[in-house]
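Coordinates as given in structure_8.tsv (TSV, C-alpha atoms):
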chain	number	residue	atom	x	y	z
X	9	MET	CA	213.45	79.11	97.32
X	10	TRP	CA	211.93	80.89	100.30
X	11	ALA	CA	214.39	79.62	102.84
X	12	GLY	CA	217.33	81.86	103.25
X	13	THR	CA	218.79	84.73	105.12
X	14	TRP	CA	215.58	86.05	106.72
X	15	HIS	CA	215.25	84.09	109.93
X	16	ASP	CA	215.56	86.71	112.65
X	17	GLU	CA	212.35	86.98	114.66
X	18	GLY	CA	213.23	90.50	115.68
X	19	VAL	CA	213.65	91.86	112.17
X	20	ASP	CA	212.22	95.30	111.58
X	21	ASP	CA	208.92	95.53	109.71
X	22	ARG	CA	210.18	98.34	107.52
X	23	ALA	CA	213.23	96.33	106.52
X	24	LEU	CA	210.98	93.43	105.55
X	25	VAL	CA	208.81	95.68	103.43
X	26	ASP	CA	211.74	97.38	101.73
X	27	ALA	CA	213.38	94.06	100.96
X	28	THR	CA	210.12	92.69	99.57
X	29	LEU	CA	209.69	95.71	97.34
X	30	ALA	CA	213.24	95.25	96.17
X	31	GLY	CA	212.31	91.79	94.97
X	32	ASP	CA	213.52	89.73	97.92
X	33	ARG	CA	210.80	87.11	98.27
X	34	GLN	CA	212.48	85.53	101.25
X	35	ALA	CA	211.67	88.64	103.23
X	36	PHE	CA	207.95	88.21	102.71
X	37	GLY	CA	208.42	84.51	103.32
X	38	LEU	CA	209.54	85.35	106.82
X	39	LEU	CA	206.37	87.36	107.32
X	40	VAL	CA	204.32	84.38	106.17
X	41	GLN	CA	206.11	82.09	108.57
X	42	ARG	CA	205.74	84.55	111.40
X	43	GLU	CA	202.10	85.58	110.97
X	44	THR	CA	200.26	82.63	109.44
X	45	ARG	CA	198.98	81.42	112.78
X	46	THR	CA	197.75	84.84	113.90
X	47	VAL	CA	196.03	85.54	110.60
X	48	TYR	CA	194.52	82.08	110.45
X	49	ARG	CA	193.05	82.36	113.91
X	50	ALA	CA	191.52	85.74	113.21
X	51	CYS	CA	189.97	84.37	110.03
X	52	LEU	CA	188.75	81.26	111.82
X	53	ARG	CA	187.00	83.35	114.45
X	54	ILE	CA	185.23	85.40	111.84
X	55	LEU	CA	184.37	82.54	109.51
X	56	GLY	CA	183.98	79.64	111.90
X	57	ARG	CA	185.11	77.07	109.34
X	58	ALA	CA	188.64	75.80	109.09
X	59	HIS	CA	188.78	75.38	105.33
X	60	ASP	CA	187.35	78.85	104.75
X	61	ALA	CA	189.87	80.27	107.19
X	62	GLU	CA	192.68	78.58	105.28
X	63	ASP	CA	191.48	79.99	101.99
X	64	VAL	CA	191.06	83.49	103.33
X	65	THR	CA	194.41	83.37	105.10
X	66	GLN	CA	196.05	82.51	101.81
X	67	GLU	CA	194.12	85.20	99.94
X	68	SER	CA	195.02	87.73	102.58
X	69	PHE	CA	198.72	87.08	102.26
X	70	VAL	CA	198.52	87.34	98.49
X	71	ALA	CA	196.55	90.59	98.75
X	72	ALA	CA	199.04	91.92	101.28
X	73	TYR	CA	201.95	90.97	99.06
X	74	ARG	CA	200.46	92.81	96.10
X	75	ALA	CA	199.66	95.87	98.17
X	76	ILE	CA	202.72	95.93	100.38
X	77	GLY	CA	203.89	99.07	98.60
X	78	THR	CA	201.05	100.90	100.33
X	79	TYR	CA	202.28	100.01	103.82
X	80	ARG	CA	203.46	103.29	105.33
X	81	GLY	CA	204.82	102.03	108.61
X	82	GLU	CA	201.89	103.36	110.63
X	83	GLY	CA	201.37	100.55	113.06
X	84	SER	CA	202.83	97.11	112.93
X	85	LEU	CA	203.01	95.02	109.81
X	86	GLN	CA	201.12	92.36	111.71
X	87	GLY	CA	198.26	94.77	112.40
X	88	TRP	CA	198.21	95.89	108.78
X	89	LEU	CA	198.04	92.29	107.69
X	90	LEU	CA	195.30	91.48	110.18
X	91	ARG	CA	193.22	94.36	108.93
X	92	ILE	CA	193.43	93.00	105.40
X	93	ALA	CA	192.56	89.54	106.68
X	94	THR	CA	189.53	90.65	108.68
X	95	ARG	CA	188.17	92.52	105.69
X	96	GLN	CA	188.68	89.54	103.44
X	97	ALA	CA	187.05	87.27	106.00
X	98	PHE	CA	183.98	89.44	106.42
X	99	ARG	CA	183.67	89.64	102.66
X	100	ARG	CA	183.79	85.86	102.45
X	101	LEU	CA	181.28	85.60	105.29
X	102	SER	CA	178.87	87.88	103.51
X	103	GLN	CA	178.98	85.64	100.45
X	104	ARG	CA	177.65	82.53	102.13
X	105	ARG	CA	174.47	81.52	103.83
X	106	PRO	CA	174.49	81.25	107.57
X	107	ASN	CA	174.10	77.71	108.84
X	108	THR	CA	175.31	75.58	111.63
X	109	ASP	CA	178.56	73.79	110.91
X	110	LEU	CA	179.92	71.25	113.32
X	111	THR	CA	183.42	71.69	111.94
X	112	ALA	CA	183.37	75.10	113.55
X	113	VAL	CA	183.18	73.61	116.99
X	114	PRO	CA	186.53	73.44	118.73
X	115	GLU	CA	187.95	70.24	120.08
X	116	PRO	CA	186.89	70.65	123.73
X	117	PHE	CA	183.30	70.99	122.63
X	118	LEU	CA	183.59	68.00	120.36
X	119	ALA	CA	184.85	65.99	123.29
X	120	ASP	CA	181.81	67.06	125.29
X	121	SER	CA	179.59	66.18	122.38
X	122	ARG	CA	180.33	62.50	122.85
X	123	THR	CA	178.43	62.69	126.10
X	124	ASP	CA	176.11	65.55	125.22
X	125	PRO	CA	175.37	65.77	121.49
X	126	PRO	CA	172.58	68.32	121.91
X	127	GLY	CA	174.92	70.44	123.96
X	128	VAL	CA	177.40	70.80	121.17
X	129	LEU	CA	174.64	71.79	118.78
X	130	VAL	CA	173.54	74.49	121.17
X	131	ALA	CA	177.13	75.65	121.49
X	132	ALA	CA	177.54	75.72	117.72
X	133	GLU	CA	174.33	77.68	117.35
X	134	ARG	CA	175.49	80.06	120.02
X	135	ARG	CA	178.73	80.65	118.15
X	136	ASP	CA	176.86	81.21	114.95
X	137	GLU	CA	174.72	83.76	116.73
X	138	LEU	CA	177.81	85.52	118.00
X	139	ARG	CA	179.41	85.58	114.56
X	140	ALA	CA	176.20	86.75	112.97
X	141	ALA	CA	175.83	89.49	115.55
X	142	VAL	CA	179.33	90.77	114.92
X	143	GLN	CA	178.90	90.47	111.18
X	144	ALA	CA	175.66	92.44	111.36
X	145	LEU	CA	177.39	95.37	113.02
X	146	PRO	CA	177.76	98.34	110.70
X	147	ASP	CA	181.19	99.62	109.94
X	148	PRO	CA	183.29	100.89	111.58
X	149	TYR	CA	182.01	99.04	114.68
X	150	ARG	CA	182.36	95.63	113.08
X	151	GLU	CA	185.95	96.20	112.08
X	152	ILE	CA	186.91	97.62	115.45
X	153	VAL	CA	185.30	94.76	117.37
X	154	ALA	CA	186.92	92.18	115.09
X	155	LEU	CA	190.36	93.72	115.34
X	156	ARG	CA	190.09	94.03	119.10
X	157	PHE	CA	188.67	90.60	119.94
X	158	PHE	CA	189.23	88.28	116.96
X	159	ALA	CA	192.62	89.62	115.91
X	160	GLU	CA	193.52	90.33	119.55
X	161	LEU	CA	194.99	93.75	118.92
X	162	SER	CA	195.21	96.30	121.68
X	163	LEU	CA	193.29	99.55	121.40
X	164	ALA	CA	196.50	101.36	120.52
X	165	GLU	CA	197.27	98.85	117.78
X	166	VAL	CA	193.74	99.16	116.41
X	167	ALA	CA	194.13	102.91	116.36
X	168	ASP	CA	197.42	102.57	114.49
X	169	VAL	CA	196.25	100.21	111.78
X	170	THR	CA	192.97	102.03	111.20
X	171	HIS	CA	194.63	105.47	111.25
X	172	ARG	CA	192.10	106.71	113.77
X	173	PRO	CA	192.63	108.58	117.02
X	174	ILE	CA	192.55	106.26	119.97
X	175	ASN	CA	189.63	108.10	121.52
X	176	THR	CA	187.68	107.52	118.34
X	177	VAL	CA	188.51	103.84	118.54
X	178	LYS	CA	187.36	103.73	122.14
X	179	THR	CA	184.08	105.35	121.25
X	180	GLN	CA	183.53	103.05	118.30
X	181	LEU	CA	184.35	99.96	120.32
X	182	ARG	CA	181.99	101.04	123.10
X	183	ARG	CA	179.19	101.60	120.61
X	184	GLY	CA	179.89	98.30	118.93
X	185	LEU	CA	179.73	96.45	122.23
X	186	GLU	CA	176.55	98.26	123.15
X	187	ARG	CA	175.00	97.04	119.94
X	188	LEU	CA	176.08	93.51	120.79
X	189	ARG	CA	174.72	93.71	124.30
X	190	PRO	CA	171.18	92.52	123.45
X	191	VAL	CA	172.66	89.36	121.96
X	192	LEU	CA	175.70	88.71	124.14
X	193	GLY	CA	175.21	90.67	127.28
X	194	GLU	CA	172.30	88.80	128.79
X	195	PRO	CA	173.23	86.97	131.96
X	196	GLY	CA	172.07	83.61	130.62
X	197	THR	CA	174.20	83.78	127.52
X	198	ASP	CA	177.51	82.93	129.16
X	199	ARG	CA	178.77	79.57	128.01
I	19	MET	CA	194.76	83.19	126.63
I	20	THR	CA	194.08	86.45	124.90
I	21	ARG	CA	196.97	88.79	124.34
I	22	HIS	CA	195.14	91.85	125.59
I	23	PRO	CA	192.42	90.95	128.09
I	24	PHE	CA	189.46	93.26	127.82
I	25	ASP	CA	188.49	95.60	130.60
I	26	SER	CA	185.74	98.11	130.05
I	27	GLY	CA	187.88	100.59	131.94
I	28	GLU	CA	190.03	100.90	128.83
I	29	LEU	CA	187.05	102.54	127.17
I	30	GLY	CA	186.96	105.30	129.75
I	31	ARG	CA	184.59	103.96	132.37
I	32	SER	CA	183.89	100.59	133.90
I	33	ASP	CA	180.66	98.95	132.89
I	34	PRO	CA	179.75	95.43	134.03
I	35	GLU	CA	177.46	94.92	131.06
I	36	MET	CA	180.25	95.90	128.71
I	37	ASP	CA	182.60	93.54	130.53
I	38	ARG	CA	180.13	90.73	130.06
I	39	VAL	CA	179.98	91.32	126.32
I	40	GLY	CA	183.75	91.52	126.13
I	41	GLN	CA	184.12	88.30	128.08
I	42	GLN	CA	181.74	86.56	125.71
I	43	LEU	CA	183.83	87.64	122.77
I	44	GLU	CA	187.05	86.65	124.48
I	45	ARG	CA	185.66	83.26	125.41
I	46	TYR	CA	184.56	82.73	121.87
I	47	SER	CA	187.99	83.66	120.54
I	48	ALA	CA	189.74	81.45	123.07
I	49	GLY	CA	187.63	78.54	121.90
I	50	LEU	CA	188.75	79.10	118.31
I	51	ALA	CA	192.50	79.27	118.78
I	52	ASP	CA	193.38	76.25	116.72
I	53	GLU	CA	196.72	75.87	115.04
I	54	PRO	CA	196.66	76.20	111.27
I	55	PRO	CA	197.49	73.17	109.17
I	56	VAL	CA	201.21	72.56	109.10
I	57	ASP	CA	201.39	73.00	105.35
I	58	LEU	CA	199.41	76.23	105.19
I	59	ALA	CA	202.45	78.49	105.21
I	60	ALA	CA	204.05	76.40	102.46
I	61	ARG	CA	200.87	76.66	100.39
I	62	ILE	CA	200.80	80.40	100.86
I	63	GLN	CA	204.40	80.70	99.81
I	64	ALA	CA	203.78	78.53	96.77
I	65	SER	CA	200.96	80.84	95.68
I	66	LEU	CA	203.17	83.86	96.27
I	67	ASP	CA	205.84	82.38	94.02
I	68	GLU	CA	203.50	82.99	91.10
I	69	GLU	CA	203.15	86.66	91.95
I	70	PRO	CA	205.30	89.33	90.32
I	71	THR	CA	207.30	91.70	92.44
I	72	PRO	CA	204.83	94.06	94.15
I	73	ALA	CA	204.37	97.54	92.78
I	74	THR	CA	204.92	100.79	94.63
I	75	GLY	CA	203.15	104.15	94.78
I	76	TRP	CA	199.66	104.83	93.41
I	77	TRP	CA	199.90	101.81	91.16
I	78	ALA	CA	200.31	99.65	94.25
I	79	SER	CA	197.18	101.23	95.72
I	80	LEU	CA	195.22	100.46	92.59
I	81	LEU	CA	196.47	96.89	92.42
I	82	GLY	CA	195.85	96.46	96.10
I	83	ALA	CA	192.27	97.61	95.71
I	84	LEU	CA	191.81	95.30	92.75
I	85	ALA	CA	193.28	92.43	94.69
I	86	THR	CA	190.74	92.71	97.49
I	87	TRP	CA	187.77	92.79	95.09
I	88	ARG	CA	186.64	89.54	93.62
I	89	GLY	CA	184.45	88.17	90.88
I	90	PRO	CA	182.00	90.53	89.18
I	91	ALA	CA	182.89	93.34	91.54
I	92	ARG	CA	186.52	93.06	90.49
I	93	MET	CA	185.55	93.10	86.82
I	94	ALA	CA	183.32	96.11	87.41
I	95	LEU	CA	186.09	97.92	89.22
I	96	ALA	CA	188.57	97.15	86.45
I	97	ALA	CA	186.06	98.33	83.85
I	98	ALA	CA	185.46	101.51	85.82
I	99	VAL	CA	189.19	102.17	85.93
I	100	VAL	CA	189.48	101.71	82.16
I	101	VAL	CA	186.48	103.96	81.52
I	102	ALA	CA	187.89	106.58	83.86
I	103	ALA	CA	191.22	106.44	82.05
I	104	VAL	CA	189.53	106.89	78.66
I	105	VAL	CA	187.37	109.74	79.93
I	106	ALA	CA	190.42	111.38	81.45
I	107	ALA	CA	192.31	111.09	78.17
I	108	LEU	CA	189.40	112.52	76.19
I	109	THR	CA	188.96	115.32	78.70
I	110	LEU	CA	192.62	116.19	78.50
I	111	GLY	CA	192.44	116.18	74.73
I	112	ASP	CA	189.37	118.40	74.83
I	113	LEU	CA	191.04	120.77	77.26
I	114	ALA	CA	194.10	120.92	75.07
I	115	ASP	CA	191.87	121.62	72.09
I	116	ARG	CA	190.09	124.41	73.94
I	117	ALA	CA	193.37	125.83	75.06
I	118	ARG	CA	194.52	125.95	71.48
I	119	ASN	CA	191.26	127.58	70.43
I	120	ASN	CA	191.56	130.13	73.18
I	121	THR	CA	195.09	130.96	72.24
I	122	GLY	CA	193.85	131.20	68.67
I	123	ALA	CA	191.07	133.54	69.75
I	124	THR	CA	193.31	136.00	71.48
I	125	PRO	CA	194.90	137.15	68.27
I	126	SER	CA	191.42	137.56	66.83
I	127	PRO	CA	191.60	141.34	67.21
I	128	SER	CA	194.68	141.23	65.09
I	129	VAL	CA	192.80	139.00	62.72
I	130	THR	CA	189.97	141.51	62.51
I	131	ILE	CA	192.48	144.11	61.56
I	132	THR	CA	193.56	142.03	58.65
I	133	PRO	CA	190.52	143.06	56.60
I	134	THR	CA	191.49	146.66	57.06
I	135	PRO	CA	194.51	146.29	54.85
I	136	THR	CA	192.24	144.70	52.29
I	137	ALA	CA	189.98	147.72	52.52
I	138	SER	CA	192.72	150.24	52.72
I	139	PRO	CA	194.12	149.61	49.28
I	140	THR	CA	190.75	150.30	47.78
I	141	ALA	CA	189.98	153.33	49.92
I	142	SER	CA	193.19	155.21	50.44
I	143	PRO	CA	196.52	153.60	49.71
I	144	THR	CA	198.54	156.52	51.08
I	145	PRO	CA	197.60	156.51	54.82
I	146	PRO	CA	197.59	152.82	55.67
I	147	PRO	CA	198.47	152.90	59.38
I	148	SER	CA	196.16	155.69	60.57
I	149	ALA	CA	193.16	154.71	58.53
I	150	SER	CA	192.81	151.23	59.87
I	151	PRO	CA	190.53	151.78	62.91
I	152	THR	CA	188.59	154.83	61.76
I	153	ALA	CA	188.27	154.36	58.07
I	154	SER	CA	186.95	150.85	58.06
I	155	PRO	CA	183.45	151.62	59.45
I	156	SER	CA	183.07	154.65	57.26
I	157	LEU	CA	184.30	153.12	54.09
I	158	SER	CA	182.23	150.02	53.89
I	159	PRO	CA	179.44	149.81	56.45
I	160	THR	CA	177.91	146.76	54.88
I	161	GLN	CA	181.12	144.86	54.86
I	162	THR	CA	182.82	142.85	57.54
I	163	PRO	CA	183.92	145.63	59.90
I	164	THR	CA	180.40	146.46	61.09
I	165	PRO	CA	179.56	143.07	62.51
I	166	LEU	CA	182.90	142.70	64.17
I	167	PRO	CA	182.44	145.16	67.06
I	168	THR	CA	178.81	144.25	67.67
I	169	GLU	CA	178.92	140.52	67.35
I	170	SER	CA	179.21	138.26	70.32
I	171	ASP	CA	182.03	135.87	70.98
I	172	HIS	CA	180.24	133.07	69.22
I	173	ASP	CA	180.12	135.01	66.06
I	174	ASP	CA	183.72	135.93	66.50
I	175	ASP	CA	184.43	132.27	66.54
I	176	GLU	CA	182.39	131.83	63.44
I	177	LEU	CA	184.35	134.53	61.78
I	178	GLU	CA	187.61	133.22	63.01
I	179	THR	CA	187.22	129.80	61.54
I	180	PRO	CA	187.18	130.89	57.94
I	181	GLU	CA	189.68	133.62	58.47
I	182	PRO	CA	192.50	131.50	59.73
I	183	SER	CA	192.09	129.32	56.71
I	184	GLU	CA	193.33	132.21	54.72
I	185	SER	CA	196.43	132.96	56.72
I	186	ASP	CA	199.05	130.42	57.64
I	187	ASP	CA	199.63	131.62	61.19
I	188	ASP	CA	196.13	131.11	62.44
I	189	ASN	CA	195.59	128.04	60.43
I	190	SER	CA	198.01	126.22	62.64
I	191	GLY	CA	195.85	126.89	65.75
I	192	PRO	CA	192.49	125.33	65.04
I	193	GLY	CA	193.99	122.98	62.56
I	194	GLY	CA	196.32	121.77	65.23
I	195	GLY	CA	193.35	121.51	67.54
I	196	GLY	CA	191.73	119.10	65.17
I	197	GLY	CA	194.86	117.07	65.25
I	198	GLY	CA	194.76	117.22	69.02
I	199	ASN	CA	191.34	115.71	69.03
I	200	SER	CA	192.41	112.91	66.84
I	201	GLY	CA	195.29	112.15	69.12
I	202	PRO	CA	193.36	111.01	72.19
I	203	GLY	CA	190.77	109.43	69.98
I	204	GLY	CA	193.43	107.37	68.41
I	205	GLY	CA	194.89	106.68	71.79
I	206	GLY	CA	191.53	105.56	73.09
Can the structure in the file be given as structure tokens, please?
Amino acid sequence: MWAGTWHDEGVDDRALVDATLAGDRQAFGLLVQRETRTVYRACLRILGRAHDAEDVTQESFVAAYRAIGTYRGEGSLQGWLLRIATRQAFRRLSQRRPNTDLTAVPEPFLADSRTDPPGVLVAAERRDELRAAVQALPDPYREIVALRFFAELSLAEVADVTHRPINTVKTQLRRGLERLRPVLGEPGTDR
Amino acid sequence: MTRHPFDSGELGRSDPEMDRVGQQLERYSAGLADEPPVDLAARIQASLDEEPTPATGWWASLLGALATWRGPARMALAAAVVVAAVVAALTLGDLADRARNNTGATPSPSVTITPTPTASPTASPTPPPSASPTASPSLSPTQTPTPLPTESDHDDDELETPEPSESDDDNSGPGGGGGGNSGPGGGG
């Protein structure tokens, strides 16, 4: 039902949106196929748990589908989608208690944990600290930092999707990083 | 690795401390670059199959906002939207009612003249047009003409309400206003 004529990787965002609004579900299906990995990774970095990231990725696509009529073509459709996803992820993060979850630890660290179990716990705690520090940032710094580092958007892309001048984005990112410096910027915190 | 490696120079000036923070964030992100489950896209598409065709315009904005709110917050937002719609309808009805009252008040000078014909037959039937402004205070000072120039707008309104009930033209104004009030009330 979703397979069909939309298979061109270079298809224009605006054409996808227009086709979706015209009732062509295959058009949005292409967007799902194209962006699921990017959205999932951004959610995983914010949430730290795979199953939460899956849920929020799905919710983000549904929210984007419902609101796609509001996409004005300012910035890429991917950036617009990532902004929705980061907001949804932070909302989900704010609804749960912070704790250490070993499922959040990536495979390389799990491999190390076979020889150094305490090490992986420290790494997991460190990641929790990083997530908590970013989550504790006030808006707009939190959103800018998340879009720049977790969603891996460039400054220009962040400026596009947030409808802010790029110099404003630069200032907000600098202030956000300055606020993170006490937690992340200490020389002994590199891992 | 990361699509856009961070360099504090992109923020306007190089700062080693800023670079360190950026590298921490990049390292963290690189460590969480797992592939999603292979069936995730299919699950997303299955959930989208249940969705109606997306809306456009302001309605899309409203639905989009509702879609991002969840649980009690979503219910509260929906309730707020309904309350706002009802208040807007009532306000519009009230404004329409006031507009009708105002348009009914503008002919009030002509309504105040209407007693003058009632007085003129008793006083002097022969000069009806010229006697209307001057004769009315002199003929019956205790009657209705004396309060009319001195009374405030509120009293004009009080006088207007019974007067239109006597004439068909003005009866349609406030009477229609009452109907206007019932309209939004019924709609709400």
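One distance worth recording is that between CA of Gln143 (chain X) and CA of Leu58 (chain I), which is 25.7 Å.
Between CA of Leu52 (chain X) and CA of Phe158 (chain X) the separation is 8.7 Å.
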Open item on the list: Report, in Å to a single decimal, how far apart CA of Gly37 (chain X) and CA of Arg53 (chain X) are.
Closed with: 24.2 Å
Considering all atoms listed in the file, tabulate each residue of chain X that lies at most 7 Å from chain I along with its nearest interatomic pair and the corresponding distance in Å to one decimal; arrange the rows by chain and ascending residue number and present them as a tab-separated table.
residue	atom	partner	partner_atom	distance
X:Leu29	CA	I:Pro72	CA	6.0
X:Gly31	CA	I:Thr71	CA	5.6
X:Gly37	CA	I:Gln63	CA	6.6
X:Val40	CA	I:Ala59	CA	6.3
X:Gln41	CA	I:Ala59	CA	6.1
X:Thr44	CA	I:Ala59	CA	6.3
X:Arg45	CA	I:Pro54	CA	5.9
X:Tyr48	CA	I:Pro54	CA	6.3
X:Arg49	CA	I:Ala51	CA	5.8
X:Leu52	CA	I:Leu50	CA	6.8
X:Arg53	CA	I:Leu50	CA	6.0
X:Gln66	CA	I:Ile62	CA	5.3
X:Val70	CA	I:Leu66	CA	6.2
X:Ala71	CA	I:Ala85	CA	5.5
X:Tyr73	CA	I:Pro72	CA	6.5
X:Arg74	CA	I:Pro72	CA	4.9
X:Ala75	CA	I:Gly82	CA	4.4
X:Ile76	CA	I:Pro72	CA	6.8
X:Gly77	CA	I:Thr74	CA	4.4
X:Thr78	CA	I:Ser79	CA	6.0
X:Pro114	CA	I:Leu50	CA	6.1
X:Phe157	CA	I:Glu44	CA	6.2
X:Phe158	CA	I:Ser47	CA	6.0
X:Glu160	CA	I:Arg21	CA	6.1
X:Leu161	CA	I:His22	CA	6.9
X:Ser162	CA	I:His22	CA	5.9
X:Lys178	CA	I:Leu29	CA	5.2
X:Arg182	CA	I:Leu29	CA	6.7
X:Leu185	CA	I:Met36	CA	6.5
X:Arg189	CA	I:Val39	CA	6.1
X:Leu192	CA	I:Val39	CA	5.5
X:Gly193	CA	I:Val39	CA	4.9
X:Asp198	CA	I:Gln42	CA	6.6
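Among the candidates X:Glu62, X:Arg57, X:Val169, X:Leu38, the residue lying nearest to Asp57 (chain I) is X:Glu62 (atoms considered: all atoms listed in the file).
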